[in-house]
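**Student:** Input structure: work-v9.tsv, which contains TSV, C-alpha atoms.
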chain	number	residue	atom	x	y	z
A	1	MET	CA	-75.20	24.39	-42.24
A	2	ALA	CA	-74.80	21.04	-43.89
A	3	LYS	CA	-71.17	19.99	-44.17
A	4	ALA	CA	-70.23	17.20	-46.58
A	5	VAL	CA	-67.11	15.20	-45.78
A	6	THR	CA	-65.37	15.03	-49.14
A	7	ALA	CA	-63.19	12.01	-48.45
A	8	PRO	CA	-65.25	9.42	-46.62
A	9	VAL	CA	-63.03	7.75	-44.04
A	10	SER	CA	-64.09	4.20	-43.35
A	11	PRO	CA	-62.27	1.06	-42.35
A	12	PRO	CA	-60.75	-1.05	-45.12
A	13	ILE	CA	-62.57	-4.33	-45.81
A	14	ALA	CA	-60.47	-7.43	-45.20
A	15	ILE	CA	-60.17	-10.03	-47.95
A	16	PRO	CA	-61.99	-13.18	-46.71
A	17	VAL	CA	-59.63	-15.94	-45.61
A	18	ARG	CA	-61.37	-18.46	-47.93
A	19	GLU	CA	-60.30	-16.26	-50.87
A	20	ILE	CA	-56.67	-16.26	-49.69
A	21	LEU	CA	-56.30	-19.94	-48.74
A	22	PRO	CA	-56.12	-21.43	-52.28
A	23	TRP	CA	-53.19	-19.11	-53.04
A	24	LEU	CA	-51.17	-20.49	-50.18
A	25	ILE	CA	-50.09	-23.31	-52.51
A	26	PHE	CA	-48.06	-20.57	-54.19
A	27	ALA	CA	-46.36	-19.83	-50.89
A	28	VAL	CA	-44.86	-23.33	-51.05
A	29	LEU	CA	-43.55	-22.63	-54.56
A	30	LEU	CA	-42.15	-19.26	-53.48
A	31	LEU	CA	-40.41	-20.83	-50.50
A	32	MET	CA	-38.91	-23.42	-52.88
A	33	MET	CA	-37.51	-20.55	-54.98
A	34	ILE	CA	-35.84	-19.11	-51.89
A	35	TYR	CA	-34.55	-22.59	-51.01
A	36	PHE	CA	-32.82	-22.94	-54.39
A	37	VAL	CA	-31.14	-19.55	-54.05
A	38	GLY	CA	-30.21	-19.95	-50.40
A	39	VAL	CA	-29.67	-23.60	-49.50
A	40	GLU	CA	-29.63	-26.13	-52.39
A	41	GLU	CA	-26.36	-28.04	-52.73
A	42	GLY	CA	-25.18	-26.49	-49.48
A	43	ALA	CA	-26.72	-27.86	-46.29
A	44	THR	CA	-29.05	-30.15	-48.28
A	45	SER	CA	-29.29	-31.29	-51.90
A	46	ILE	CA	-32.12	-32.19	-54.24
A	47	PHE	CA	-30.02	-32.29	-57.41
A	48	PRO	CA	-26.63	-34.01	-57.51
A	49	GLY	CA	-23.50	-31.99	-58.20
A	50	MET	CA	-22.70	-28.39	-57.37
A	51	TYR	CA	-24.01	-26.51	-60.39
A	52	VAL	CA	-26.92	-24.67	-58.70
A	53	HIS	CA	-24.69	-23.79	-55.73
A	54	GLU	CA	-21.92	-22.47	-57.96
A	55	PHE	CA	-24.32	-20.54	-60.22
A	56	VAL	CA	-26.07	-18.62	-57.41
A	57	HIS	CA	-22.86	-18.52	-55.32
A	58	ASP	CA	-22.29	-14.75	-55.14
A	59	GLY	CA	-25.97	-13.98	-54.58
A	60	ARG	CA	-26.17	-16.57	-51.80
A	61	HIS	CA	-23.24	-14.96	-49.96
A	62	LEU	CA	-24.46	-11.39	-50.46
A	63	LEU	CA	-28.09	-12.14	-49.52
A	64	GLY	CA	-26.80	-13.39	-46.17
A	65	PHE	CA	-27.22	-17.17	-46.41
A	66	PRO	CA	-24.50	-19.42	-45.02
A	67	CYS	CA	-22.81	-20.69	-48.19
A	68	HIS	CA	-19.93	-23.03	-47.41
B	1	MET	CA	-58.12	-9.90	-55.86
B	2	VAL	CA	-55.47	-12.10	-54.24
B	3	ARG	CA	-54.21	-13.08	-57.69
B	4	ASP	CA	-53.82	-9.40	-58.66
B	5	LEU	CA	-51.92	-8.69	-55.45
B	6	LEU	CA	-49.68	-11.75	-55.86
B	7	ILE	CA	-48.71	-10.78	-59.42
B	8	ARG	CA	-47.96	-7.21	-58.33
B	9	GLY	CA	-45.96	-8.42	-55.36
B	10	MET	CA	-43.75	-10.58	-57.54
B	11	LEU	CA	-43.41	-7.77	-60.07
B	12	ALA	CA	-42.40	-5.26	-57.38
B	13	GLY	CA	-39.99	-7.87	-56.02
B	14	VAL	CA	-38.29	-8.23	-59.40
B	15	VAL	CA	-37.98	-4.44	-59.82
B	16	ALA	CA	-36.59	-4.21	-56.27
B	17	SER	CA	-34.11	-6.97	-57.05
B	18	LEU	CA	-32.80	-5.11	-60.12
B	19	LEU	CA	-31.87	-2.16	-57.90
B	20	ALA	CA	-30.42	-4.55	-55.33
B	21	PHE	CA	-28.39	-6.20	-58.10
B	22	GLY	CA	-26.87	-2.80	-58.92
B	23	VAL	CA	-25.59	-2.42	-55.36
B	24	ALA	CA	-24.50	-6.05	-55.22
B	25	LYS	CA	-22.55	-5.67	-58.46
B	26	ILE	CA	-20.92	-2.31	-57.69
B	27	TYR	CA	-20.32	-2.60	-53.95
B	28	GLY	CA	-20.62	-6.30	-53.14
B	29	GLU	CA	-18.64	-7.98	-55.91
B	30	PRO	CA	-15.30	-6.25	-55.18
B	31	GLN	CA	-15.49	-7.66	-51.62
B	32	VAL	CA	-16.31	-11.15	-52.91
B	33	ASP	CA	-13.30	-10.92	-55.24
B	34	ARG	CA	-11.02	-9.80	-52.40
B	35	ALA	CA	-12.25	-12.67	-50.21
B	36	ILE	CA	-11.61	-15.18	-53.01
B	37	ALA	CA	-8.13	-13.73	-53.54
B	38	PHE	CA	-7.48	-14.21	-49.82
B	39	GLU	CA	-8.73	-17.80	-50.10
B	40	GLY	CA	-6.41	-18.35	-53.05
B	41	ARG	CA	-3.38	-17.02	-51.17
B	42	HIS	CA	-4.21	-19.33	-48.27
B	43	ALA	CA	-4.65	-22.35	-50.54
B	44	ARG	CA	-1.25	-21.71	-52.12
B	45	ALA	CA	0.40	-21.22	-48.73
B	46	ASP	CA	-1.20	-24.47	-47.50
B	47	ALA	CA	-0.12	-26.27	-50.65
B	48	SER	CA	3.52	-25.35	-50.14
B	49	ALA	CA	3.34	-26.37	-46.49
B	50	GLN	CA	1.52	-29.70	-46.97
B	51	ALA	CA	2.08	-32.67	-49.21
B	52	PRO	CA	0.90	-31.78	-52.75
B	53	ALA	CA	-1.75	-34.55	-52.71
B	54	ASP	CA	-3.49	-33.14	-49.63
B	55	ALA	CA	-3.52	-29.68	-51.13
B	56	GLN	CA	-5.21	-30.99	-54.24
B	57	ILE	CA	-7.94	-32.63	-52.20
B	58	SER	CA	-8.64	-29.44	-50.28
B	59	ALA	CA	-8.67	-27.42	-53.48
B	60	GLN	CA	-11.28	-29.75	-54.95
B	61	GLN	CA	-13.67	-29.32	-52.03
B	62	HIS	CA	-14.65	-25.92	-53.23
B	63	GLN	CA	-13.51	-24.28	-56.40
B	64	HIS	CA	-13.49	-20.55	-56.91
B	65	GLY	CA	-10.73	-20.20	-59.45
B	66	ASP	CA	-10.71	-20.41	-63.20
B	67	GLU	CA	-11.20	-24.17	-63.09
B	68	ALA	CA	-14.51	-23.85	-61.18
B	69	LEU	CA	-17.73	-25.46	-62.43
B	70	VAL	CA	-19.18	-22.00	-63.12
B	71	SER	CA	-16.67	-19.30	-64.06
B	72	ARG	CA	-16.24	-16.26	-61.81
B	73	LYS	CA	-17.49	-14.11	-64.66
B	74	VAL	CA	-20.82	-15.98	-64.84
B	75	GLN	CA	-21.09	-16.13	-61.03
B	76	SER	CA	-20.67	-12.37	-60.72
B	77	THR	CA	-23.08	-11.43	-63.53
B	78	ALA	CA	-25.80	-13.85	-64.71
B	79	GLY	CA	-25.54	-15.98	-61.56
B	80	LEU	CA	-25.77	-13.00	-59.21
B	81	LEU	CA	-28.65	-11.44	-61.18
B	82	THR	CA	-30.58	-14.73	-61.25
B	83	ALA	CA	-30.08	-15.33	-57.53
B	84	VAL	CA	-31.16	-11.82	-56.54
B	85	ALA	CA	-34.10	-11.74	-58.98
B	86	VAL	CA	-35.46	-15.16	-57.91
B	87	TYR	CA	-35.09	-14.13	-54.26
B	88	GLY	CA	-36.81	-10.79	-54.97
B	89	ALA	CA	-39.71	-12.33	-56.90
B	90	ALA	CA	-40.26	-14.99	-54.23
B	91	MET	CA	-40.09	-12.50	-51.35
B	92	GLY	CA	-42.41	-10.16	-53.28
B	93	GLY	CA	-44.96	-12.94	-53.69
B	94	LEU	CA	-44.82	-13.98	-50.03
B	95	PHE	CA	-45.03	-10.31	-49.07
B	96	ALA	CA	-48.18	-9.91	-51.20
B	97	LEU	CA	-49.83	-12.95	-49.56
B	98	ALA	CA	-49.02	-11.62	-46.07
B	99	PHE	CA	-50.36	-8.23	-47.15
B	100	ALA	CA	-53.59	-9.80	-48.49
B	101	PHE	CA	-54.15	-11.44	-45.12
B	102	LEU	CA	-53.29	-8.37	-43.03
B	103	TYR	CA	-55.17	-5.73	-45.03
B	104	GLY	CA	-58.26	-4.68	-43.10
B	105	ARG	CA	-57.26	-6.88	-40.14
B	106	VAL	CA	-54.64	-4.67	-38.48
B	107	GLY	CA	-56.51	-1.44	-38.09
B	108	ASP	CA	-57.35	1.37	-40.43
B	109	LEU	CA	-54.21	1.48	-42.58
B	110	SER	CA	-54.21	2.51	-46.22
B	111	PRO	CA	-52.66	0.01	-48.66
B	112	ARG	CA	-49.58	2.20	-49.04
B	113	LEU	CA	-49.03	2.65	-45.31
B	114	LEU	CA	-49.63	-1.06	-44.59
B	115	ALA	CA	-47.20	-2.07	-47.36
B	116	LEU	CA	-44.52	0.28	-46.04
B	117	LEU	CA	-44.91	-0.86	-42.41
B	118	LEU	CA	-44.98	-4.51	-43.47
B	119	ALA	CA	-41.81	-4.05	-45.54
B	120	ILE	CA	-39.98	-2.44	-42.61
B	121	ALA	CA	-41.21	-5.14	-40.21
B	122	THR	CA	-40.23	-7.95	-42.61
B	123	PHE	CA	-36.79	-6.49	-43.24
B	124	VAL	CA	-36.17	-6.22	-39.49
B	125	ALA	CA	-37.57	-9.67	-38.70
B	126	ILE	CA	-36.06	-11.79	-41.45
B	127	TYR	CA	-32.83	-9.98	-42.27
B	128	TYR	CA	-31.65	-7.35	-39.83
B	129	VAL	CA	-32.20	-9.07	-36.49
B	130	PRO	CA	-30.99	-12.52	-37.65
B	131	SER	CA	-27.91	-10.86	-39.20
B	132	LEU	CA	-26.95	-9.36	-35.83
B	133	LYS	CA	-26.46	-12.93	-34.58
B	134	TYR	CA	-25.40	-14.69	-37.78
B	135	PRO	CA	-24.12	-12.03	-40.19
B	136	ALA	CA	-23.59	-12.51	-43.90
B	137	SER	CA	-20.12	-13.85	-44.62
B	138	PRO	CA	-17.95	-13.70	-47.73
B	139	PRO	CA	-16.15	-16.67	-49.31
B	140	ALA	CA	-13.18	-17.95	-47.24
B	141	VAL	CA	-15.17	-17.34	-44.05
B	142	GLY	CA	-16.87	-20.52	-42.83
B	143	GLU	CA	-15.86	-24.17	-42.53
B	144	PRO	CA	-17.50	-26.36	-45.21
B	145	ASP	CA	-17.91	-29.11	-42.58
B	146	THR	CA	-20.28	-27.01	-40.44
B	147	ILE	CA	-22.57	-25.80	-43.25
B	148	ALA	CA	-25.60	-27.86	-42.14
B	149	TYR	CA	-25.18	-26.71	-38.52
B	150	ARG	CA	-24.80	-23.05	-39.53
B	151	THR	CA	-27.72	-23.18	-41.97
B	152	GLY	CA	-29.94	-24.70	-39.26
B	153	LEU	CA	-29.04	-21.97	-36.76
B	154	PHE	CA	-29.51	-19.27	-39.40
B	155	PHE	CA	-33.08	-20.35	-40.19
B	156	LEU	CA	-33.84	-20.98	-36.51
B	157	MET	CA	-32.83	-17.37	-35.78
B	158	ILE	CA	-35.12	-16.13	-38.59
B	159	LEU	CA	-38.04	-18.20	-37.22
B	160	ILE	CA	-37.51	-16.89	-33.67
B	161	SER	CA	-37.23	-13.31	-34.89
B	162	LEU	CA	-40.32	-13.57	-37.13
B	163	GLY	CA	-42.30	-15.38	-34.44
B	164	GLY	CA	-41.23	-12.77	-31.88
B	165	LEU	CA	-42.41	-9.96	-34.11
B	166	VAL	CA	-45.83	-11.56	-34.79
B	167	PHE	CA	-46.25	-12.19	-31.06
B	168	ALA	CA	-45.21	-8.61	-30.19
B	169	VAL	CA	-47.59	-7.03	-32.74
B	170	ALA	CA	-50.49	-9.24	-31.61
B	171	ALA	CA	-49.82	-8.44	-27.95
B	172	SER	CA	-49.49	-4.74	-28.71
B	173	ARG	CA	-52.84	-4.65	-30.51
B	174	ARG	CA	-54.53	-6.49	-27.66
B	175	LEU	CA	-53.13	-4.07	-25.08
B	176	ALA	CA	-53.90	-0.92	-27.07
B	177	PRO	CA	-57.48	-0.38	-25.78
B	178	ARG	CA	-56.29	-0.55	-22.17
B	179	TYR	CA	-52.99	1.36	-22.28
B	180	GLY	CA	-53.36	3.58	-25.34
B	181	SER	CA	-51.67	2.94	-28.67
B	182	LEU	CA	-48.27	4.51	-27.87
B	183	SER	CA	-47.79	2.62	-24.60
B	184	ALA	CA	-49.02	-0.59	-26.22
B	185	MET	CA	-46.55	-0.10	-29.07
B	186	LEU	CA	-43.69	0.41	-26.60
B	187	ILE	CA	-44.69	-2.72	-24.69
B	188	GLY	CA	-44.74	-4.61	-28.00
B	189	ALA	CA	-41.28	-3.30	-28.89
B	190	GLY	CA	-40.04	-4.39	-25.47
B	191	LEU	CA	-41.46	-7.89	-25.95
B	192	PHE	CA	-39.79	-8.21	-29.36
B	193	ALA	CA	-36.48	-6.96	-27.95
B	194	ALA	CA	-36.74	-9.47	-25.08
B	195	VAL	CA	-37.29	-12.39	-27.48
B	196	VAL	CA	-34.35	-11.25	-29.62
B	197	VAL	CA	-32.00	-10.74	-26.66
B	198	ILE	CA	-32.84	-14.16	-25.21
B	199	ALA	CA	-32.17	-15.79	-28.60
B	200	GLN	CA	-28.90	-13.86	-28.89
B	201	LEU	CA	-27.78	-15.14	-25.50
B	202	VAL	CA	-29.01	-18.73	-25.77
B	203	LEU	CA	-28.06	-19.66	-29.35
B	204	PRO	CA	-24.42	-20.65	-29.88
B	205	ASP	CA	-21.94	-18.24	-31.47
B	206	ILE	CA	-20.35	-19.02	-34.81
B	207	ASN	CA	-16.83	-17.74	-35.27
B	208	GLU	CA	-15.14	-19.18	-38.33
B	209	VAL	CA	-13.42	-16.04	-39.59
B	210	PRO	CA	-9.76	-16.87	-40.32
B	211	ALA	CA	-7.51	-14.99	-37.88
B	212	ASP	CA	-5.78	-13.04	-40.65
B	213	PHE	CA	-8.87	-12.28	-42.76
B	214	PRO	CA	-8.87	-8.51	-43.49
B	215	ALA	CA	-11.41	-6.81	-41.19
B	216	ILE	CA	-12.18	-4.09	-43.71
B	217	VAL	CA	-13.22	-6.62	-46.37
B	218	LEU	CA	-15.50	-8.36	-43.89
B	219	TRP	CA	-17.05	-5.02	-42.85
B	220	LYS	CA	-17.56	-3.80	-46.41
B	221	PHE	CA	-19.02	-7.15	-47.45
B	222	ARG	CA	-21.54	-6.98	-44.60
B	223	MET	CA	-22.40	-3.35	-45.41
B	224	ALA	CA	-22.99	-4.37	-49.03
B	225	SER	CA	-25.28	-7.19	-47.85
B	226	LEU	CA	-27.17	-4.74	-45.63
B	227	ALA	CA	-27.49	-2.19	-48.45
B	228	ILE	CA	-28.86	-4.87	-50.79
B	229	GLN	CA	-31.58	-5.81	-48.30
B	230	VAL	CA	-32.47	-2.21	-47.37
B	231	LEU	CA	-32.85	-1.28	-51.02
B	232	MET	CA	-34.81	-4.45	-51.77
B	233	TRP	CA	-37.37	-3.99	-48.97
B	234	ALA	CA	-37.69	-0.23	-49.36
B	235	THR	CA	-38.44	-0.59	-53.06
B	236	LEU	CA	-40.77	-3.54	-52.51
B	237	GLY	CA	-42.73	-1.72	-49.78
B	238	LEU	CA	-43.10	1.55	-51.66
B	239	MET	CA	-43.82	0.07	-55.07
B	240	PHE	CA	-46.17	-2.66	-53.87
B	241	GLY	CA	-48.12	-0.12	-51.80
B	242	TRP	CA	-48.56	2.06	-54.83
B	243	LEU	CA	-49.71	-0.89	-56.96
B	244	ALA	CA	-51.95	-2.33	-54.23
B	245	GLU	CA	-53.75	0.96	-53.80
B	246	ARG	CA	-54.86	0.66	-57.42
B	247	VAL	CA	-56.16	-2.88	-56.82
B	248	LEU	CA	-57.86	-2.12	-53.50
B	249	GLY	CA	-58.82	1.49	-54.16
B	250	GLY	CA	-62.56	0.98	-53.83
B	251	ARG	CA	-62.41	-1.69	-51.17
B	252	ARG	CA	-63.72	0.31	-48.28
B	253	ALA	CA	-67.03	0.24	-46.46
B	254	VAL	CA	-69.42	2.65	-48.09
B	255	VAL	CA	-69.93	5.66	-45.89
B	256	ARG	CA	-72.27	8.34	-47.06
B	257	PRO	CA	-71.03	11.90	-46.68
B	258	LYS	CA	-71.97	13.01	-43.23
B	259	LEU	CA	-74.55	15.69	-43.06
B	260	SER	CA	-74.33	17.46	-39.79
B	261	SER	CA	-77.13	19.77	-38.88
B	262	ALA	CA	-76.68	21.78	-35.76
Have the structure of the file written as structure tokens, please.
**Tutor:**
Amino acid sequence: MAKAVTAPVSPPIAIPVREILPWLIFAVLLLMMIYFVGVEEGATSIFPGMYVHEFVHDGRHLLGFPCH
Amino acid sequence: MVRDLLIRGMLAGVVASLLAFGVAKIYGEPQVDRAIAFEGRHARADASAQAPADAQISAQQHQHGDEALVSRKVQSTAGLLTAVAVYGAAMGGLFALAFAFLYGRVGDLSPRLLALLLAIATFVAIYYVPSLKYPASPPAVGEPDTIAYRTGLFFLMILISLGGLVFAVAASRRLAPRYGSLSAMLIGAGLFAAVVVIAQLVLPDINEVPADFPAIVLWKFRMASLAIQVLMWATLGLMFGWLAERVLGGRRAVVRPKLSSA
């Protein structure tokens, strides 16, 4: 007569935006990491010389970034 | 909560990048070496044709040989691993932040399903579609003088593709109540395709492949690049979903077991 639903199906609760916002500062850092792998000492330069470019050279080509 | 997801995203990204490194090393590096050998043959041919002084200047613009700033051995091992791992960790972190925002906001998807769908969508939007217009290119392909122009177009294509996907998903969700979820999804796919096709037609072509560059090396290099990204996003999506489920396991509205009495 009474039927218990064993796995209660209910919508997932979103994480409030105010909890996520402070972490967006990390997004800037993460984008900087991608910049150093993909662009630095190519189209633009922060550090002088070509060391970063040469060090990540093969990865930059294979990950699909324009290299030189 | 967000912190836990971010850490797991970066962790999954690093694990994904280790697998991607394996493919890059085994399948990608031989193509890079062949491209550099081609470049070397060209440089020597140019040197014998031109005045020796000019040849030296052009050789100094970009060094791949033994005299390079970083040796080929370091470039193809520690350099490659670092590049892929930093890329993987960063993408994993950004993926986790996007996931944290989307979870519970795009319908009733479990953490694992959302992570998998988000990984597929991200792969398509930031790698696959942009690469159809501006594909990955090995050394010896690409004029150093146009690097800023090419980099600008490359990121513009990624922004258009990503923006098109966000727009298409948002539109699809808005249309779902009226047209049903399948029709709404197809309309969304059509919108995304339209944005991509317009970008393909409007943005300028880049063709800097030397006329005698071996086609098979170019093809294999691009397949290696594709394999790296497929493996990276597949691993990230599956592993992050599994980890996120453990973080978010209890995060559902409490629903008491239904008691139905006829």
**Student:** Quote the spacing between atom CA of B:Gln229 and atom CA of B:Val84 in Å to one decimal place.
**Tutor:**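 The value is 10.2 Å.
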**Student:** Using all atoms listed in the file, which residue out of A:Ile25, A:Met33, A:Ile13, A:Ala43 lies closest to B:Pro144?
**Tutor:**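 Once distances to B:Pro144 are computed over all atoms listed in the file, the minimum belongs to A:Ala43.
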**Student:** What are the closest atom pairs, with distances in Å to one decimal, for all residues of chain A lying within 8 Å of chain B? Consider only C-alpha atoms, order rows by chain and residue number, and present the result as CSV.
**Tutor:**
residue,atom,partner,partner_atom,distance
A:Met1,CA,B:Ser261,CA,6.0
A:Ala2,CA,B:Leu259,CA,5.4
A:Lys3,CA,B:Leu259,CA,5.6
A:Ala4,CA,B:Pro257,CA,5.4
A:Val5,CA,B:Pro257,CA,5.2
A:Thr6,CA,B:Pro257,CA,6.9
A:Pro8,CA,B:Val255,CA,6.0
A:Val9,CA,B:Val255,CA,7.4
A:Ser10,CA,B:Ala253,CA,5.8
A:Pro11,CA,B:Asp108,CA,5.3
A:Pro12,CA,B:Arg252,CA,4.5
A:Ile13,CA,B:Gly104,CA,5.1
A:Ala14,CA,B:Gly104,CA,4.1
A:Ile15,CA,B:Ala100,CA,6.6
A:Val17,CA,B:Phe101,CA,7.1
A:Glu19,CA,B:Val2,CA,7.2
A:Ile20,CA,B:Val2,CA,6.3
A:Trp23,CA,B:Val2,CA,7.5
A:Leu24,CA,B:Leu97,CA,7.7
A:Ala27,CA,B:Leu94,CA,6.1
A:Leu30,CA,B:Ala90,CA,4.7
A:Leu31,CA,B:Ala90,CA,6.9
A:Met33,CA,B:Ala90,CA,6.2
A:Ile34,CA,B:Tyr87,CA,5.6
A:Val37,CA,B:Ala83,CA,5.6
A:Val39,CA,B:Thr151,CA,7.8
A:Gly42,CA,B:Ile147,CA,6.8
A:Ala43,CA,B:Ala148,CA,4.3
A:Thr44,CA,B:Ala148,CA,7.4
A:Met50,CA,B:Leu69,CA,7.7
A:Tyr51,CA,B:Leu69,CA,6.7
A:Glu54,CA,B:Val70,CA,5.9
A:Phe55,CA,B:Gly79,CA,4.9
A:Val56,CA,B:Gly79,CA,4.9
A:His57,CA,B:Gln75,CA,6.4
A:Asp58,CA,B:Leu80,CA,5.6
A:Gly59,CA,B:Leu80,CA,4.7
A:Arg60,CA,B:Ala83,CA,7.0
A:His61,CA,B:Pro138,CA,5.9
A:Leu62,CA,B:Ser225,CA,5.0
A:Leu63,CA,B:Ser225,CA,5.9
A:Gly64,CA,B:Ala136,CA,4.0
A:Phe65,CA,B:Ala136,CA,6.4
A:Pro66,CA,B:Thr151,CA,5.8
A:Cys67,CA,B:Ile147,CA,7.1
A:His68,CA,B:Pro144,CA,4.7
**Student:** Work out how far apart atom CA of B:Leu231 and atom CA of A:Phe36 are and give it in Å to one decimal.
**Tutor:** 21.9 Å
**Student:** What does the distance between atom CA of B:Asp205 and atom CA of B:Val230 come to in Å, to one decimal place?
**Tutor:**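 If I compute the distance from atom CA of B:Asp205 to atom CA of B:Val230, I get 24.9 Å.
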**Student:** In terms of the shortest atom-to-atom distance over all atoms listed in the file, which of B:Ala193, B:Ile7, B:Val169, B:Met157 is closest to B:Ala121?
**Tutor:** B:Val169
**Student:** Nearest to B:His42: which of B:Ala211, B:Leu156, B:Ala119, B:Val196 is it, counting only C-alpha atoms?
**Tutor:**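 With only C-alpha atoms as the atom set, the closest residue is B:Ala211.
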